[in-house]
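Participant: Okay, so here is start12.cif, and as you'll see once you scroll down, it has mmCIF, C-alpha atoms.
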```
data_data
#
loop_
_atom_site.label_atom_id
_atom_site.label_comp_id
_atom_site.auth_asym_id
_atom_site.auth_seq_id
_atom_site.Cartn_x
_atom_site.Cartn_y
_atom_site.Cartn_z
CA MET A 1 -84.78 93.00 -70.86
CA GLU A 2 -85.63 93.20 -67.16
CA ASP A 3 -83.43 95.47 -65.04
CA PRO A 4 -81.73 93.96 -61.96
CA PHE A 5 -83.90 95.94 -59.54
CA THR A 6 -87.12 94.58 -61.02
CA HIS A 7 -85.66 91.08 -60.93
CA GLN A 8 -84.74 91.45 -57.24
CA LEU A 9 -88.22 92.65 -56.37
CA ARG A 10 -89.87 89.73 -58.12
CA ALA A 11 -87.37 87.25 -56.67
CA ARG A 12 -88.44 88.35 -53.18
CA GLY A 13 -92.05 87.56 -54.00
CA PHE A 14 -93.30 91.11 -54.44
CA ARG A 15 -95.47 92.25 -57.29
CA LEU A 16 -94.19 94.84 -59.67
CA THR A 17 -97.09 97.27 -59.51
CA PRO A 18 -97.34 100.12 -62.01
CA GLN A 19 -96.54 102.54 -59.17
CA ARG A 20 -93.39 100.65 -58.15
CA TYR A 21 -92.32 100.37 -61.77
CA ALA A 22 -92.81 104.09 -62.44
CA ILE A 23 -90.90 105.13 -59.31
CA LEU A 24 -88.05 102.67 -59.93
CA ASN A 25 -87.87 103.83 -63.54
CA VAL A 26 -87.66 107.48 -62.46
CA LEU A 27 -84.85 106.75 -60.01
CA LEU A 28 -82.95 104.50 -62.41
CA ASN A 29 -82.96 107.26 -65.02
CA ALA A 30 -82.43 110.22 -62.68
CA GLY A 31 -78.65 110.12 -62.73
CA GLY A 32 -78.55 111.30 -59.12
CA HIS A 33 -80.64 112.07 -56.08
CA LEU A 34 -84.25 113.19 -56.09
CA SER A 35 -86.53 114.49 -53.38
CA PRO A 36 -89.88 112.73 -52.91
CA ALA A 37 -91.56 115.73 -54.57
CA GLU A 38 -89.29 115.39 -57.62
CA VAL A 39 -89.99 111.65 -57.77
CA PHE A 40 -93.73 112.36 -57.58
CA HIS A 41 -93.57 114.96 -60.34
CA ARG A 42 -91.57 112.75 -62.72
CA ALA A 43 -93.45 109.52 -61.93
CA SER A 44 -96.86 111.16 -62.30
CA GLU A 45 -95.87 112.13 -65.85
CA GLN A 46 -95.47 108.41 -66.57
CA LEU A 47 -98.44 107.34 -64.48
CA PRO A 48 -101.23 109.93 -64.32
CA GLY A 49 -103.34 109.54 -61.19
CA LEU A 50 -100.39 108.64 -58.99
CA THR A 51 -100.75 110.23 -55.54
CA GLU A 52 -98.09 111.70 -53.27
CA PRO A 53 -98.91 109.34 -50.37
CA THR A 54 -98.41 106.39 -52.72
CA VAL A 55 -95.02 107.78 -53.75
CA TYR A 56 -93.94 108.19 -50.10
CA ARG A 57 -95.10 104.65 -49.18
CA THR A 58 -93.44 103.18 -52.26
CA LEU A 59 -90.16 105.01 -51.64
CA SER A 60 -90.14 103.68 -48.08
CA PHE A 61 -90.90 100.14 -49.28
CA LEU A 62 -88.21 100.21 -51.99
CA ALA A 63 -85.64 101.54 -49.48
CA GLU A 64 -86.55 98.76 -47.01
CA GLN A 65 -85.95 96.26 -49.80
CA GLY A 66 -82.52 97.76 -50.50
CA LEU A 67 -83.46 98.68 -54.06
CA ILE A 68 -83.06 102.40 -53.49
CA MET A 69 -81.13 104.44 -50.95
CA ALA A 70 -82.49 107.21 -48.78
CA ALA A 71 -80.03 109.88 -47.69
CA HIS A 72 -80.56 112.54 -45.03
CA ILE A 73 -79.45 115.94 -46.26
CA GLY A 74 -80.25 117.93 -43.15
CA ASN A 75 -83.36 119.57 -41.73
CA GLY A 76 -85.14 116.22 -41.83
CA GLN A 77 -85.06 116.12 -45.63
CA LEU A 78 -84.60 112.85 -47.46
CA ILE A 79 -83.43 112.29 -51.00
CA TYR A 80 -83.55 109.03 -52.90
CA GLU A 81 -81.55 107.32 -55.60
CA ALA A 82 -81.19 103.89 -57.15
CA SER A 83 -78.77 101.89 -55.02
CA ASP A 84 -76.52 100.47 -57.70
CA HIS A 85 -73.39 101.17 -55.63
CA VAL A 86 -72.72 101.94 -51.98
CA HIS A 87 -71.45 105.43 -51.40
CA HIS A 88 -71.65 108.23 -48.87
CA HIS A 89 -72.05 112.01 -48.94
CA LEU A 90 -70.28 115.05 -47.61
CA ILE A 91 -72.65 118.01 -47.46
CA CYS A 92 -71.56 121.60 -46.98
CA ARG A 93 -73.66 123.41 -44.37
CA THR A 94 -72.76 126.77 -45.92
CA CYS A 95 -73.50 126.37 -49.64
CA GLY A 96 -75.35 123.04 -49.65
CA SER A 97 -73.03 121.35 -52.13
CA SER A 98 -72.76 117.58 -51.96
CA ILE A 99 -69.69 115.48 -52.59
CA GLN A 100 -70.09 111.75 -53.20
CA ILE A 101 -67.41 109.48 -51.70
CA ALA A 102 -66.85 105.77 -52.23
CA HIS A 103 -67.62 103.36 -49.41
CA ASP A 104 -63.94 102.35 -49.33
CA ALA A 105 -63.18 105.73 -47.73
CA LEU A 106 -65.17 104.68 -44.63
CA GLN A 107 -64.47 100.94 -44.59
CA THR A 108 -61.66 101.37 -42.03
CA LEU A 109 -64.10 103.16 -39.70
CA TYR A 110 -66.68 100.37 -40.10
CA ASP A 111 -63.97 97.78 -39.35
CA ARG A 112 -62.69 99.71 -36.32
CA LEU A 113 -66.19 100.06 -34.87
CA TYR A 114 -66.62 96.31 -35.12
CA THR A 115 -63.19 95.51 -33.65
CA GLU A 116 -63.52 97.91 -30.71
CA THR A 117 -67.19 97.41 -29.85
CA GLY A 118 -68.44 94.27 -31.57
CA PHE A 119 -71.04 96.49 -33.26
CA ARG A 120 -71.47 95.74 -36.94
CA ALA A 121 -72.76 98.83 -38.73
CA ASP A 122 -75.14 97.78 -41.50
CA SER A 123 -76.02 101.21 -42.78
CA SER A 124 -75.29 101.45 -46.46
CA HIS A 125 -75.19 105.21 -46.36
CA VAL A 126 -73.56 107.86 -44.20
CA THR A 127 -73.90 111.62 -44.61
CA LEU A 128 -71.33 113.89 -43.00
CA PHE A 129 -71.94 117.62 -42.65
CA GLY A 130 -69.28 120.31 -42.57
CA GLN A 131 -67.77 122.87 -44.90
CA CYS A 132 -66.50 122.31 -48.42
CA PRO A 133 -63.08 123.69 -49.44
CA ASP A 134 -64.69 126.73 -51.12
CA CYS A 135 -66.56 127.72 -47.95
CA LEU A 136 -63.85 127.10 -45.36
CA PRO A 137 -62.68 130.32 -43.75
CA ILE A 138 -59.22 131.32 -44.87
CA SER A 139 -56.95 130.82 -41.90
CA LYS A 140 -54.42 133.53 -41.09
CA GLU A 141 -51.05 132.06 -40.19
#
```
Written as structure tokens, how would this file's structure read?

Facilitator:
Amino acid sequence: MEDPFTHQLRARGFRLTPQRYAILNVLLNAGGHLSPAEVFHRASEQLPGLTEPTVYRTLSFLAEQGLIMAAHIGNGQLIYEASDHVHHHLICRTCGSSIQIAHDALQTLYDRLYTETGFRADSSHVTLFGQCPDCLPISKE
């Protein structure tokens, strides 16, 4: 049975190359976010001879097609995951932990931006940086 991501790629007229298949397969089975280096390592186990530049180009292509999501996690680093649902991240600058939040939590903000400015945000991913509850300084009252 063909997965929905493969079907979408083919429906848009793109070939399902072995490289695209291996990278999609890695991300579909990752159960979370992976760095490009992690994608390369896992995909090259499935497809010996795969090169890092091919992985980077393919990740970019798949993100442009909306089949995977790229998330900025600070310091210019990107992580990738299969985009089976829209969600956002809260990342702690102190310990680096990441909390996933549903898109519904930001929908009011998206709506307000549109109402007040006429600007329709089309980003399917937002990352907010701050401090998690464990790292917040204890306030003295």

Participant: Given the file shown, enumerate the residues that the PyMOL selection byres ((chain A and resi 72) around 10) captures and present them as a short mmCIF file (atom, residue, chain, number, x, y, z; two decimals) with C-alpha atoms, keeping the file's coordinate frame.

Facilitator:
```cif
data_model
loop_
_atom_site.label_atom_id
_atom_site.label_comp_id
_atom_site.auth_asym_id
_atom_site.auth_seq_id
_atom_site.Cartn_x
_atom_site.Cartn_y
_atom_site.Cartn_z
CA ALA A 70 -82.49 107.21 -48.78
CA ALA A 71 -80.03 109.88 -47.69
CA ILE A 73 -79.45 115.94 -46.26
CA GLY A 74 -80.25 117.93 -43.15
CA ASN A 75 -83.36 119.57 -41.73
CA GLY A 76 -85.14 116.22 -41.83
CA GLN A 77 -85.06 116.12 -45.63
CA LEU A 78 -84.60 112.85 -47.46
CA ILE A 79 -83.43 112.29 -51.00
CA TYR A 80 -83.55 109.03 -52.90
CA HIS A 89 -72.05 112.01 -48.94
CA ILE A 91 -72.65 118.01 -47.46
CA HIS A 125 -75.19 105.21 -46.36
CA VAL A 126 -73.56 107.86 -44.20
CA THR A 127 -73.90 111.62 -44.61
CA LEU A 128 -71.33 113.89 -43.00
#
```

Participant: With only C-alpha atoms as the basis for distance, which of A:Ile138, A:Leu24, A:Ala105, A:Ala11 is at the shortest distance from Leu90 (chain A)?

Facilitator: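 The shortest atom-to-atom distance to Leu90 (chain A) comes from A:Ala105.
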
Participant: For the structure shown, which residues end up in the PyMOL selection byres ((chain A and resi 99) around 9)? Put them as a PyMOL selection string, please?

Facilitator: chain A and resi 88-92+97-98+100-101+132

Participant: May I ask which of the residues A:Arg93, A:Arg20, A:His7, A:Arg15 is the closest one to Leu59 (chain A), counting only C-alpha atoms?

Facilitator: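 Closest candidate: A:Arg20.
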
Participant: Which one is closest to Asp134 (chain A): A:Ser83, A:Thr94, A:Pro4, A:Gln107? Count all atoms listed in the file.

Facilitator: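 The shortest atom-to-atom distance to Asp134 (chain A) comes from A:Thr94.
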
Participant: What is the distance, in Å and to one decimal place, between CA of Leu47 (chain A) and CA of Phe61 (chain A)?

Facilitator: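 Here the two named atoms are 18.4 Å from each other.
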
Participant: I'd like the interatomic distance between CA of Phe5 (chain A) and CA of Glu52 (chain A), to a tenth of an Å.

Facilitator: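 Taking CA of Phe5 (chain A) and CA of Glu52 (chain A), their separation equals 22.1 Å.
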
Participant: Do a neighbour search on Val55 (chain A) at 10 Å with only C-alpha atoms, toss out local chain neighbours closer than 3 positions, and write the hits as a ChimeraX atom specification.

Facilitator: /A:19-20,22-23,36-37,39-41,43-44,50-52,58-61

Participant: Of the candidates A:Glu116, A:Asp122, A:Asp104, A:Glu81, which one gets nearest to Ala63 (chain A) if we count all atoms listed in the file?

Facilitator: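 The answer is A:Glu81, which sits nearest to Ala63 (chain A).
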
Participant: Counting all atoms listed in the file, which of A:Ala82, A:His103, A:Leu62, A:Met69 gets nearest to Ala30 (chain A)?

Facilitator: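 Using all atoms listed in the file, Ala30 (chain A) sits closest to A:Ala82.
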
Participant: Which is closest to Leu106 (chain A) among A:His87, A:Arg120, A:Phe14, A:Gln8, if we use all atoms listed in the file?

Facilitator: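 Selected residue with least distance to Leu106 (chain A): A:His87.
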